[in-house]
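Please read the structure below before turning to the comments.
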Amino acid sequence: MTAVVKRQWERKWAGVRTADLSGMTVVVTGGVRGVGLGITAAFRAAGARVIACARREPEDLPDGVGFTRVDVRDADAVEAFIGGITDLDVLVNNAGGTPYLPMSEGDARRHAKVIELNLIAPLIISRAANRVLQRRPEGGSIIMIGSVSGHRPSPGTAAYGAAKAGLDNLTASLAIEWAPRVRVNAVTVGMVRTEKSALHYGDAAGVAAVARTVPLGRLAEPADVGDACVFLASPAAAYISGASLPLHGGGERPAFLDAAAQASTAPPTNPQQTSTGAAADADTPDREDNA
Ligand SMILES: NC(=O)c1ccc[n+]([C@@H]2O[C@H](COP(=O)([O-])OP(=O)(O)OC[C@H]3O[C@@H](n4cnc5c(N)ncnc54)[C@H](OP(=O)(O)O)[C@@H]3O)[C@@H](O)[C@H]2O)c1
């Protein structure tokens, strides 16, 4: 970790309060672990009331966080859940993920279910939330948790990449349909360090090697995603709608730069060729039970 990144890191964890959202009610789908728990914690730190949902109730939750058991793919259950939260201000569509499954393998229905979780479910729950938010005196906001996989080829998780790409387009369309009372935005997330990082990148050495491919020198923390969501939900973002905010630490370095540097015997003329890091295969969350 460079000195600059270390300083930014220490400042981040010095308890910086990003916004005051006290009095707001926020629903975070899948807000009980991984990225979702970081989002839940960030909204709590900003003073909001949070209701998280998932299929399995967690053993413990941060103080002040409510929980409802719901499968976001079940339209009737989602309507009942969201319709009952009449003071809703913000919905964060975080529940999502995919197993690694090349498109020519497995049952076609497994691929279709990945689209169902990552695109159809946010569509259904956003419709339910919009009905509530349109009646709120101040309107409200909806935030989609997207992925860099929707912005580049996603081999091995093609249905996931396609769904996340669709989520961006859905965001842009809903921002127009539901304006001016409801703002709709997305956060386009790169690799995040969660409980499951070892599944994707191996041990600490594997995570560190992957982190070196990120321009900012580390994977995102769930709290980074949470902070971006708090900003998008806050009055500071009152004029932002239809946006996809990249949260990827600078993005993926084009692989050809390193291929050329490694294959060439000539000394590099472009300083970029001397830095390390090939494009990493970003998030491929292992959600076997959703496929
Ligand atoms: N991790 C990364 O590196 C990364 C990178 C880019 C984007 N993202 C995005 O960030 C979001 C969260 O990813 P994650 O890595 O934190 O995933 P995760 O650890 O698998 O957590 C997913 C959460 O969603 C819930 N969930 C899954 N399916 C559900 C369903 N059908 N109904 C209700 N809740 C459901 C899970 O709880 P239950 O299983 O109990 O239902 C869990 O709480 C996803 O949208 C993912 O695409 C992640």
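Just remember, in the structure tokens the first chain shown is A, the second B, etc., residues are 1-based per chain, and ligands are 1-based in the order shown.
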Could I get the residue neighbourhood of ligand 1 at 7 Å, counting only C-alpha atoms and all ligand atoms, as a PDB file with N, CA and C atoms, in the first residue's frame?
```
ATOM      1  N   THR A  29     -31.874  -4.387   0.029  1.00  0.00           N
ATOM      2  CA  THR A  29     -32.062  -5.817  -0.233  1.00  0.00           C
ATOM      3  C   THR A  29     -30.723  -6.519  -0.072  1.00  0.00           C
ATOM      4  N   GLY A  30     -30.749  -7.678   0.573  1.00  0.00           N
ATOM      5  CA  GLY A  30     -29.491  -8.385   0.847  1.00  0.00           C
ATOM      6  C   GLY A  30     -28.570  -7.582   1.752  1.00  0.00           C
ATOM      7  N   GLY A  31     -29.160  -6.750   2.609  1.00  0.00           N
ATOM      8  CA  GLY A  31     -28.349  -5.825   3.415  1.00  0.00           C
ATOM      9  C   GLY A  31     -27.798  -6.411   4.689  1.00  0.00           C
ATOM     10  N   VAL A  32     -27.573  -7.714   4.707  1.00  0.00           N
ATOM     11  CA  VAL A  32     -27.151  -8.354   5.955  1.00  0.00           C
ATOM     12  C   VAL A  32     -25.754  -8.968   5.898  1.00  0.00           C
ATOM     13  N   ARG A  33     -25.150  -8.994   4.731  1.00  0.00           N
ATOM     14  CA  ARG A  33     -23.768  -9.479   4.665  1.00  0.00           C
ATOM     15  C   ARG A  33     -23.103  -8.906   3.414  1.00  0.00           C
ATOM     16  N   GLY A  34     -21.786  -9.075   3.317  1.00  0.00           N
ATOM     17  CA  GLY A  34     -21.037  -8.646   2.143  1.00  0.00           C
ATOM     18  C   GLY A  34     -21.219  -7.167   1.855  1.00  0.00           C
ATOM     19  N   VAL A  35     -21.377  -6.844   0.593  1.00  0.00           N
ATOM     20  CA  VAL A  35     -21.545  -5.460   0.161  1.00  0.00           C
ATOM     21  C   VAL A  35     -22.763  -4.837   0.845  1.00  0.00           C
ATOM     22  N   GLY A  36     -23.843  -5.619   0.935  1.00  0.00           N
ATOM     23  CA  GLY A  36     -25.093  -5.106   1.504  1.00  0.00           C
ATOM     24  C   GLY A  36     -24.944  -4.663   2.948  1.00  0.00           C
ATOM     25  N   CYS A  53     -33.447  -6.942   3.962  1.00  0.00           N
ATOM     26  CA  CYS A  53     -34.175  -8.173   3.682  1.00  0.00           C
ATOM     27  C   CYS A  53     -33.246  -9.185   3.030  1.00  0.00           C
ATOM     28  N   ALA A  54     -33.546 -10.439   3.203  1.00  0.00           N
ATOM     29  CA  ALA A  54     -32.820 -11.538   2.573  1.00  0.00           C
ATOM     30  C   ALA A  54     -33.679 -12.775   2.745  1.00  0.00           C
ATOM     31  N   ARG A  55     -33.242 -13.891   2.179  1.00  0.00           N
ATOM     32  CA  ARG A  55     -34.024 -15.124   2.348  1.00  0.00           C
ATOM     33  C   ARG A  55     -33.771 -15.764   3.699  1.00  0.00           C
ATOM     34  N   ARG A  56     -32.538 -15.572   4.229  1.00  0.00           N
ATOM     35  CA  ARG A  56     -32.193 -16.179   5.526  1.00  0.00           C
ATOM     36  C   ARG A  56     -31.938 -15.100   6.552  1.00  0.00           C
ATOM     37  N   GLU A  57     -32.544 -15.251   7.723  1.00  0.00           N
ATOM     38  CA  GLU A  57     -32.338 -14.264   8.783  1.00  0.00           C
ATOM     39  C   GLU A  57     -30.923 -14.429   9.351  1.00  0.00           C
ATOM     40  N   VAL A  70     -37.523 -12.149   2.908  1.00  0.00           N
ATOM     41  CA  VAL A  70     -38.242 -12.110   1.629  1.00  0.00           C
ATOM     42  C   VAL A  70     -37.305 -12.508   0.496  1.00  0.00           C
ATOM     43  N   ASP A  71     -37.840 -13.238  -0.478  1.00  0.00           N
ATOM     44  CA  ASP A  71     -37.091 -13.555  -1.689  1.00  0.00           C
ATOM     45  C   ASP A  71     -37.448 -12.481  -2.717  1.00  0.00           C
ATOM     46  N   VAL A  72     -36.462 -11.707  -3.131  1.00  0.00           N
ATOM     47  CA  VAL A  72     -36.762 -10.555  -3.996  1.00  0.00           C
ATOM     48  C   VAL A  72     -37.274 -10.977  -5.380  1.00  0.00           C
ATOM     49  N   ARG A  73     -37.204 -12.266  -5.680  1.00  0.00           N
ATOM     50  CA  ARG A  73     -37.733 -12.740  -6.971  1.00  0.00           C
ATOM     51  C   ARG A  73     -39.217 -13.068  -6.889  1.00  0.00           C
ATOM     52  N   ASN A  94     -29.585  -4.216  -3.788  1.00  0.00           N
ATOM     53  CA  ASN A  94     -28.244  -4.792  -3.665  1.00  0.00           C
ATOM     54  C   ASN A  94     -28.210  -6.307  -3.883  1.00  0.00           C
ATOM     55  N   ALA A  95     -29.274  -7.011  -3.497  1.00  0.00           N
ATOM     56  CA  ALA A  95     -29.242  -8.478  -3.599  1.00  0.00           C
ATOM     57  C   ALA A  95     -28.907  -8.873  -5.033  1.00  0.00           C
ATOM     58  N   GLY A  96     -27.935  -9.740  -5.187  1.00  0.00           N
ATOM     59  CA  GLY A  96     -27.537 -10.145  -6.531  1.00  0.00           C
ATOM     60  C   GLY A  96     -26.328 -11.038  -6.461  1.00  0.00           C
ATOM     61  N   GLY A  97     -25.853 -11.461  -7.623  1.00  0.00           N
ATOM     62  CA  GLY A  97     -24.679 -12.320  -7.683  1.00  0.00           C
ATOM     63  C   GLY A  97     -24.885 -13.429  -8.694  1.00  0.00           C
ATOM     64  N   LEU A 117     -32.594 -12.765 -10.841  1.00  0.00           N
ATOM     65  CA  LEU A 117     -32.137 -12.155  -9.586  1.00  0.00           C
ATOM     66  C   LEU A 117     -31.536 -10.768  -9.817  1.00  0.00           C
ATOM     67  N   ASN A 118     -30.743 -10.631 -10.880  1.00  0.00           N
ATOM     68  CA  ASN A 118     -29.945  -9.406 -11.034  1.00  0.00           C
ATOM     69  C   ASN A 118     -30.625  -8.310 -11.858  1.00  0.00           C
ATOM     70  N   ILE A 145     -27.370  -1.521  -7.381  1.00  0.00           N
ATOM     71  CA  ILE A 145     -25.966  -1.917  -7.252  1.00  0.00           C
ATOM     72  C   ILE A 145     -25.586  -2.689  -8.509  1.00  0.00           C
ATOM     73  N   GLY A 146     -24.882  -1.989  -9.392  1.00  0.00           N
ATOM     74  CA  GLY A 146     -24.427  -2.574 -10.653  1.00  0.00           C
ATOM     75  C   GLY A 146     -23.030  -3.148 -10.500  1.00  0.00           C
ATOM     76  N   SER A 147     -22.435  -3.478 -11.620  1.00  0.00           N
ATOM     77  CA  SER A 147     -21.106  -4.105 -11.596  1.00  0.00           C
ATOM     78  C   SER A 147     -20.331  -3.736 -12.848  1.00  0.00           C
ATOM     79  N   VAL A 148     -19.007  -3.688 -12.712  1.00  0.00           N
ATOM     80  CA  VAL A 148     -18.162  -3.495 -13.897  1.00  0.00           C
ATOM     81  C   VAL A 148     -18.385  -4.630 -14.891  1.00  0.00           C
ATOM     82  N   VAL A 189     -19.980  -1.163  -9.482  1.00  0.00           N
ATOM     83  CA  VAL A 189     -18.994  -1.597  -8.486  1.00  0.00           C
ATOM     84  C   VAL A 189     -17.946  -2.526  -9.104  1.00  0.00           C
ATOM     85  N   GLY A 190     -16.687  -2.309  -8.730  1.00  0.00           N
ATOM     86  CA  GLY A 190     -15.607  -3.224  -9.128  1.00  0.00           C
ATOM     87  C   GLY A 190     -15.413  -4.289  -8.057  1.00  0.00           C
ATOM     88  N   MET A 191     -14.194  -4.754  -7.886  1.00  0.00           N
ATOM     89  CA  MET A 191     -13.956  -5.848  -6.934  1.00  0.00           C
ATOM     90  C   MET A 191     -14.047  -5.351  -5.493  1.00  0.00           C
ATOM     91  N   VAL A 192     -14.774  -6.096  -4.668  1.00  0.00           N
ATOM     92  CA  VAL A 192     -14.981  -5.712  -3.276  1.00  0.00           C
ATOM     93  C   VAL A 192     -14.414  -6.807  -2.367  1.00  0.00           C
ATOM     94  N   ARG A 193     -13.774  -6.382  -1.273  1.00  0.00           N
ATOM     95  CA  ARG A 193     -13.262  -7.353  -0.298  1.00  0.00           C
ATOM     96  C   ARG A 193     -14.387  -7.704   0.664  1.00  0.00           C
ATOM     97  N   THR A 194     -14.905  -8.919   0.554  1.00  0.00           N
ATOM     98  CA  THR A 194     -15.979  -9.378   1.439  1.00  0.00           C
ATOM     99  C   THR A 194     -15.563 -10.706   2.070  1.00  0.00           C
ATOM    100  N   LYS A 196     -16.396 -13.358   1.157  1.00  0.00           N
ATOM    101  CA  LYS A 196     -16.259 -14.356   0.098  1.00  0.00           C
ATOM    102  C   LYS A 196     -15.060 -14.145  -0.806  1.00  0.00           C
ATOM    103  N   ALA A 282     -12.994  -9.559 -12.536  1.00  0.00           N
ATOM    104  CA  ALA A 282     -13.589  -8.967 -11.339  1.00  0.00           C
ATOM    105  C   ALA A 282     -14.634  -9.880 -10.730  1.00  0.00           C
ATOM    106  N   ASP A 283     -15.695  -9.283 -10.253  1.00  0.00           N
ATOM    107  CA  ASP A 283     -16.553 -10.022  -9.347  1.00  0.00           C
ATOM    108  C   ASP A 283     -17.257 -11.186 -10.010  1.00  0.00           C
ATOM    109  N   THR A 284     -17.138 -12.344  -9.407  1.00  0.00           N
ATOM    110  CA  THR A 284     -17.930 -13.487  -9.803  1.00  0.00           C
ATOM    111  C   THR A 284     -18.466 -14.135  -8.537  1.00  0.00           C
ATOM    112  N   PRO A 285     -19.359 -13.414  -7.839  1.00  0.00           N
ATOM    113  CA  PRO A 285     -19.858 -13.953  -6.578  1.00  0.00           C
ATOM    114  C   PRO A 285     -20.483 -15.327  -6.787  1.00  0.00           C
ATOM    115  N   ASP A 286     -20.223 -16.221  -5.860  1.00  0.00           N
ATOM    116  CA  ASP A 286     -20.668 -17.584  -5.979  1.00  0.00           C
ATOM    117  C   ASP A 286     -22.055 -17.731  -5.390  1.00  0.00           C
ATOM    118  N   ARG A 287     -23.068 -17.611  -6.182  1.00  0.00           N
ATOM    119  CA  ARG A 287     -24.436 -17.721  -5.674  1.00  0.00           C
ATOM    120  C   ARG A 287     -25.087 -18.954  -6.278  1.00  0.00           C
ATOM    121  N   ASN A 290     -28.799 -19.350  -6.162  1.00  0.00           N
ATOM    122  CA  ASN A 290     -29.643 -18.477  -6.971  1.00  0.00           C
ATOM    123  C   ASN A 290     -29.664 -18.936  -8.418  1.00  0.00           C
TER     124      ASN A 290
END
```
Exercise. Enumerate, as a PyMOL selection string, the complete set of residues in region 86-204 of chain A that a backbone-based DSSP assignment places in alpha helix (DSSP H).
Key: chain A and resi 108-115+121-133+158-177+197-201+204
Quiz item: Which residue out of A:Ala128, A:Ala42, A:Ala48, A:Val187 has the minimum interatomic distance to Ser241 (chain A) when only C-alpha atoms are used?
Solution: A:Val187
Quiz item: What separation in Å, quoted to one decimal, exists between CA of Leu247 (chain A) and CA of Pro58 (chain A)?
Solution: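 Taking CA of Leu247 (chain A) and CA of Pro58 (chain A), their separation equals 27.0 Å.
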